[in-house]
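What follows is the content of my_file.cif, which has mmCIF, C-alpha atoms:
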data_data
#
loop_
_atom_site.label_atom_id
_atom_site.label_comp_id
_atom_site.auth_asym_id
_atom_site.auth_seq_id
_atom_site.Cartn_x
_atom_site.Cartn_y
_atom_site.Cartn_z
CA MET A 1 -27.26 19.79 2.55
CA THR A 2 -24.69 22.60 2.68
CA THR A 3 -21.08 21.81 3.48
CA GLY A 4 -19.25 24.50 5.42
CA ILE A 5 -15.48 24.91 5.39
CA ALA A 6 -13.02 26.96 7.39
CA LEU A 7 -9.25 27.32 7.49
CA PHE A 8 -7.35 27.43 10.78
CA ASP A 9 -3.74 27.77 11.83
CA THR A 10 -1.86 25.05 13.73
CA ALA A 11 1.70 24.34 14.77
CA LEU A 12 2.12 22.43 11.47
CA GLY A 13 0.63 25.16 9.28
CA THR A 14 -2.79 26.09 7.95
CA CYS A 15 -5.33 23.26 8.05
CA ALA A 16 -8.92 23.19 6.82
CA ILE A 17 -12.10 21.52 8.02
CA ALA A 18 -15.40 20.70 6.34
CA TRP A 19 -18.70 19.98 8.08
CA ARG A 20 -22.40 19.37 7.63
CA ALA A 21 -25.19 19.41 10.20
CA ALA A 22 -24.47 15.82 11.32
CA GLY A 23 -20.73 16.33 11.91
CA ILE A 24 -17.27 16.80 10.46
CA VAL A 25 -16.86 15.38 6.93
CA GLY A 26 -13.32 16.43 6.07
CA VAL A 27 -10.02 17.63 7.47
CA GLN A 28 -7.16 18.84 5.32
CA LEU A 29 -3.61 18.94 6.65
CA PRO A 30 -1.35 21.79 5.50
CA GLU A 31 -0.37 21.99 1.87
CA GLY A 32 2.22 24.40 0.45
CA SER A 33 0.06 27.46 1.15
CA PRO A 34 -3.29 28.26 2.78
CA GLU A 35 -4.82 28.63 -0.69
CA SER A 36 -3.53 25.17 -1.71
CA THR A 37 -5.00 23.73 1.49
CA ARG A 38 -8.38 25.33 0.72
CA GLN A 39 -8.29 24.15 -2.90
CA ARG A 40 -7.55 20.54 -1.94
CA LEU A 41 -10.47 20.47 0.51
CA GLU A 42 -12.77 22.21 -2.01
CA HIS A 43 -11.79 19.57 -4.58
CA CYS A 44 -13.22 16.93 -2.23
CA PHE A 45 -16.28 19.05 -1.36
CA PRO A 46 -17.09 21.14 -4.45
CA ASP A 47 -20.37 22.39 -2.93
CA ALA A 48 -18.54 23.77 0.13
CA VAL A 49 -19.00 27.35 1.26
CA GLU A 50 -16.63 29.09 3.65
CA HIS A 51 -18.42 29.93 6.91
CA GLN A 52 -17.72 30.87 10.48
CA PRO A 53 -17.63 27.48 12.27
CA PRO A 54 -20.55 26.70 14.59
CA ALA A 55 -19.66 25.88 18.22
CA PRO A 56 -19.20 22.08 17.79
CA VAL A 57 -16.93 22.62 14.78
CA GLN A 58 -14.97 25.29 16.64
CA ARG A 59 -14.43 22.80 19.49
CA ALA A 60 -13.15 20.27 16.92
CA ILE A 61 -10.80 22.91 15.46
CA ASP A 62 -9.53 23.76 18.95
CA GLY A 63 -8.98 20.06 19.70
CA ILE A 64 -7.07 19.47 16.46
CA ARG A 65 -5.02 22.63 17.01
CA GLU A 66 -4.13 21.57 20.57
CA HIS A 67 -3.27 18.02 19.46
CA LEU A 68 -0.96 19.28 16.72
CA GLY A 69 0.57 21.64 19.28
CA GLY A 70 1.57 18.69 21.48
CA ALA A 71 -1.36 18.43 23.91
CA LEU A 72 -2.25 14.93 22.76
CA ASP A 73 -5.93 14.05 22.50
CA ASP A 74 -7.50 11.00 20.87
CA LEU A 75 -10.15 13.30 19.29
CA ARG A 76 -12.75 10.50 19.51
CA TRP A 77 -15.25 12.98 20.93
CA ILE A 78 -15.56 14.79 17.59
CA ASP A 79 -18.82 13.94 15.81
CA LEU A 80 -18.26 12.70 12.26
CA ASP A 81 -20.57 12.37 9.27
CA PHE A 82 -19.83 9.28 7.14
CA GLU A 83 -22.74 9.76 4.72
CA GLY A 84 -21.74 8.38 1.32
CA VAL A 85 -18.61 6.61 2.64
CA PRO A 86 -18.47 2.89 1.72
CA GLU A 87 -19.22 0.48 4.58
CA PHE A 88 -15.80 -1.21 4.39
CA ASP A 89 -14.04 2.17 4.67
CA CYS A 90 -16.25 3.16 7.64
CA THR A 91 -15.31 -0.03 9.46
CA VAL A 92 -11.61 0.56 8.77
CA TYR A 93 -11.97 4.16 9.98
CA GLU A 94 -13.71 3.08 13.19
CA LEU A 95 -10.93 0.60 13.98
CA THR A 96 -8.26 3.16 13.13
CA ARG A 97 -9.95 5.81 15.27
CA ALA A 98 -9.55 3.49 18.28
CA ILE A 99 -5.72 3.58 18.05
CA ASP A 100 -4.38 5.74 20.87
CA PRO A 101 -1.81 8.50 20.29
CA GLY A 102 1.73 7.10 20.46
CA THR A 103 0.54 3.63 19.43
CA THR A 104 0.70 2.04 16.00
CA LEU A 105 -0.82 -0.94 14.23
CA THR A 106 -0.12 -2.35 10.79
CA TYR A 107 -2.43 -2.57 7.80
CA GLY A 108 -2.38 -6.34 8.45
CA ASP A 109 -3.41 -5.83 12.08
CA ILE A 110 -6.45 -3.84 10.97
CA ALA A 111 -7.29 -6.48 8.34
CA ALA A 112 -7.06 -9.20 11.00
CA GLU A 113 -9.37 -7.21 13.31
CA LEU A 114 -11.83 -7.05 10.40
CA GLY A 115 -11.68 -10.83 10.19
CA LYS A 116 -10.10 -10.52 6.74
CA PRO A 117 -6.40 -11.29 7.28
CA GLY A 118 -5.63 -11.07 3.54
CA ALA A 119 -7.10 -7.59 3.19
CA ALA A 120 -4.09 -5.48 4.25
CA GLN A 121 -3.90 -3.83 0.81
CA ALA A 122 -7.62 -3.00 0.88
CA VAL A 123 -7.14 -1.46 4.34
CA GLY A 124 -4.30 0.66 2.95
CA GLN A 125 -6.47 1.79 0.06
CA ALA A 126 -9.32 2.74 2.42
CA LEU A 127 -6.90 4.73 4.57
CA GLY A 128 -5.56 6.42 1.44
CA ARG A 129 -9.10 7.73 0.92
CA ASN A 130 -9.42 8.90 4.56
CA PRO A 131 -11.19 12.27 4.43
CA LEU A 132 -10.43 13.00 8.10
CA PRO A 133 -6.69 12.68 8.84
CA ILE A 134 -5.77 13.35 12.48
CA VAL A 135 -9.37 12.70 13.60
CA ILE A 136 -9.14 9.27 11.97
CA PRO A 137 -5.44 8.79 12.70
CA CYS A 138 -4.34 6.89 9.59
CA HIS A 139 -0.78 8.04 10.32
CA ARG A 140 -0.79 5.48 13.17
CA VAL A 141 -1.13 2.60 10.71
CA LEU A 142 2.15 1.24 9.36
CA ALA A 143 3.21 -1.26 6.73
CA ALA A 144 4.45 -4.73 7.65
CA GLY A 145 7.60 -4.86 9.73
CA GLY A 146 7.02 -1.37 11.12
CA GLN A 147 7.80 0.31 7.79
CA VAL A 148 6.17 3.72 7.38
CA GLY A 149 4.06 2.82 4.34
CA GLY A 150 2.24 5.55 2.46
CA PHE A 151 0.55 8.77 3.49
CA SER A 152 -1.67 10.74 1.13
CA ALA A 153 -1.67 14.05 3.04
CA GLY A 154 0.54 16.95 2.04
CA GLY A 155 4.19 16.20 2.77
CA GLY A 156 3.59 12.45 2.40
CA THR A 157 5.57 10.13 4.62
CA LEU A 158 7.58 13.05 6.03
CA THR A 159 4.36 14.40 7.55
CA LYS A 160 3.44 10.91 8.76
CA ARG A 161 6.79 10.62 10.55
CA GLU A 162 6.37 14.11 12.02
CA LEU A 163 2.94 13.21 13.41
CA LEU A 164 4.23 9.96 14.90
CA ALA A 165 7.15 11.84 16.51
CA LEU A 166 4.73 14.44 17.91
CA GLU A 167 2.79 11.60 19.53
CA HIS A 168 5.96 9.93 20.88
CA ALA A 169 5.38 6.71 18.96
CA PRO A 170 8.22 4.26 19.66
CA GLY A 171 10.88 4.44 16.98
CA PHE A 172 9.75 7.89 15.82
CA ASP A 173 10.17 10.17 18.81
CA ASP A 174 13.78 9.69 19.84
CA PRO A 175 16.91 9.16 17.76
CA VAL A 176 18.03 5.54 17.64
CA LEU A 177 21.72 4.66 17.57
CA PHE A 178 21.38 1.26 15.91
#
Target encoding structure tokens, full file:
Amino acid sequence: MTTGIALFDTALGTCAIAWRAAGIVGVQLPEGSPESTRQRLEHCFPDAVEHQPPAPVQRAIDGIREHLGGALDDLRWIDLDFEGVPEFDCTVYELTRAIDPGTTLTYGDIAAELGKPGAAQAVGQALGRNPLPIVIPCHRVLAAGGQVGGFSAGGGTLTKRELLALEHAPGFDDPVLF
């Protein structure tokens, strides 16, 4: 099955998207340059071929672009293709996808929802493999005590903080005096 890819500009920079017939399989947040963004996505999908996005993918691009421009959308309407993704990761992604913009949970919260309260580290590892940042909003999952935790997308935790501020998440959108 052919994987298509396309680059698109957003308020944060050039992003990329990958898809197959069943849905979106990858999203890449901006790297240092459009070429770096393309290369990182192609590394994950070596069989990918750049194409003009079909209508459902173009709608997903438009939704991501609008969200990153400040018109917040939960993006749950975008069809995803989890073929080849481990079952545990899929379950973590489904729970993470249910977190509304401007809201956060911790890795421990997700583990508890899974019925595995000791699995916070495994949740973090699954989110570190998230092929669909923004659509599966792993930036909304924090470490214990509200600490930022990690973020594997370009820009690391700086990008995570920027996304949380964009979504007006408490503690990230307005300066705090104390």
Practice task
Kindly indicate which residue among A:Phe45, A:Tyr93, A:Phe172, A:Tyr107 lies nearest to Ile136 (chain A), using all atoms listed in the file for the distances.
Solution key: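 Smallest distance to Ile136 (chain A) is found for A:Tyr93.
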Fill in the blank from the handout: Using all atoms listed in the file, the residue out of A:Ala71, A:Ala16, A:Ala144, A:Leu127 with shortest distance to Asp89 (chain A) is A:Leu127
Practice task
Check what the PyMOL selection byres ((chain A and resi 51) around 8) selects in the file above and give those residues as a list of chain:residue names.
Solution key: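 Applied to this file, the PyMOL selection byres ((chain A and resi 51) around 8) selects A:Gly4, A:Ile5, A:Ala6, A:Val49, A:Glu50, A:Gln52, A:Pro53.
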Handout entry: Residue members of the PyMOL selection byres ((chain A and resi 111-119) around 12) in the file shown, as a VMD selection string
Key = chain A and resid 88 to 96 98 105 to 110 120 to 127 141 143 to 144
Exercise for the section: Using all atoms listed in the file, find all polymer residues with an atom at most 9 Å away from the point (-10.2, 22.2, 14.2); report them as number ranges by chain. Expected result: A: 6-10, 15-17, 27, 57-66
Practice task
Take CA of Ala153 (chain A) and CA of Gly26 (chain A) and report the distance between them in Å, one decimal.
Solution key: 12.3 Å
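Picture a line from CA of His168 (chain A) to CA of Gly145 (chain A); it runs 18.6 Å.
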Exercise for the section: Please indicate the distance in Å from CA of Asp74 (chain A) to CA of Ile24 (chain A), rounded to one decimal place. Expected result: 15.4 Å
Problem - Residues within 8 Å of Gly128 (chain A), only C-alpha atoms, excluding chain neighbours under 4 positions, as a PyMOL selection string - result: chain A and resi 124+150-152
For region 103-111 of chain A, take all atoms listed in the file, fit an axis-aligned box around them, add 6 Å to each of the six sides, then output centre and edge lengths in Å rounded to one decimal, as lines of an AutoDock Vina configuration file.
center_x = -3.3
center_y = -1.4
center_z = 13.6
size_x = 20.0
size_y = 22.1
size_z = 23.6
Exercise for the section: Identify all residues satisfying the PyMOL selection byres ((chain A and resi 30-37) around 6) in the given file; provide them as a VMD selection string. Expected result: chain A and resid 13 to 15 29 38 to 40 154
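Nearest to Leu41 (chain A) of all the residues A:Leu132, A:Leu75, A:Ile99, A:Val85 is A:Leu132, based on only C-alpha atoms.
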Practice task
Select, from A:Glu162, A:Gly146, A:Ala169, A:Asp47, the residue with the minimum atom-to-atom distance to Asp100 (chain A), counting only C-alpha atoms.
Solution key: A:Ala169
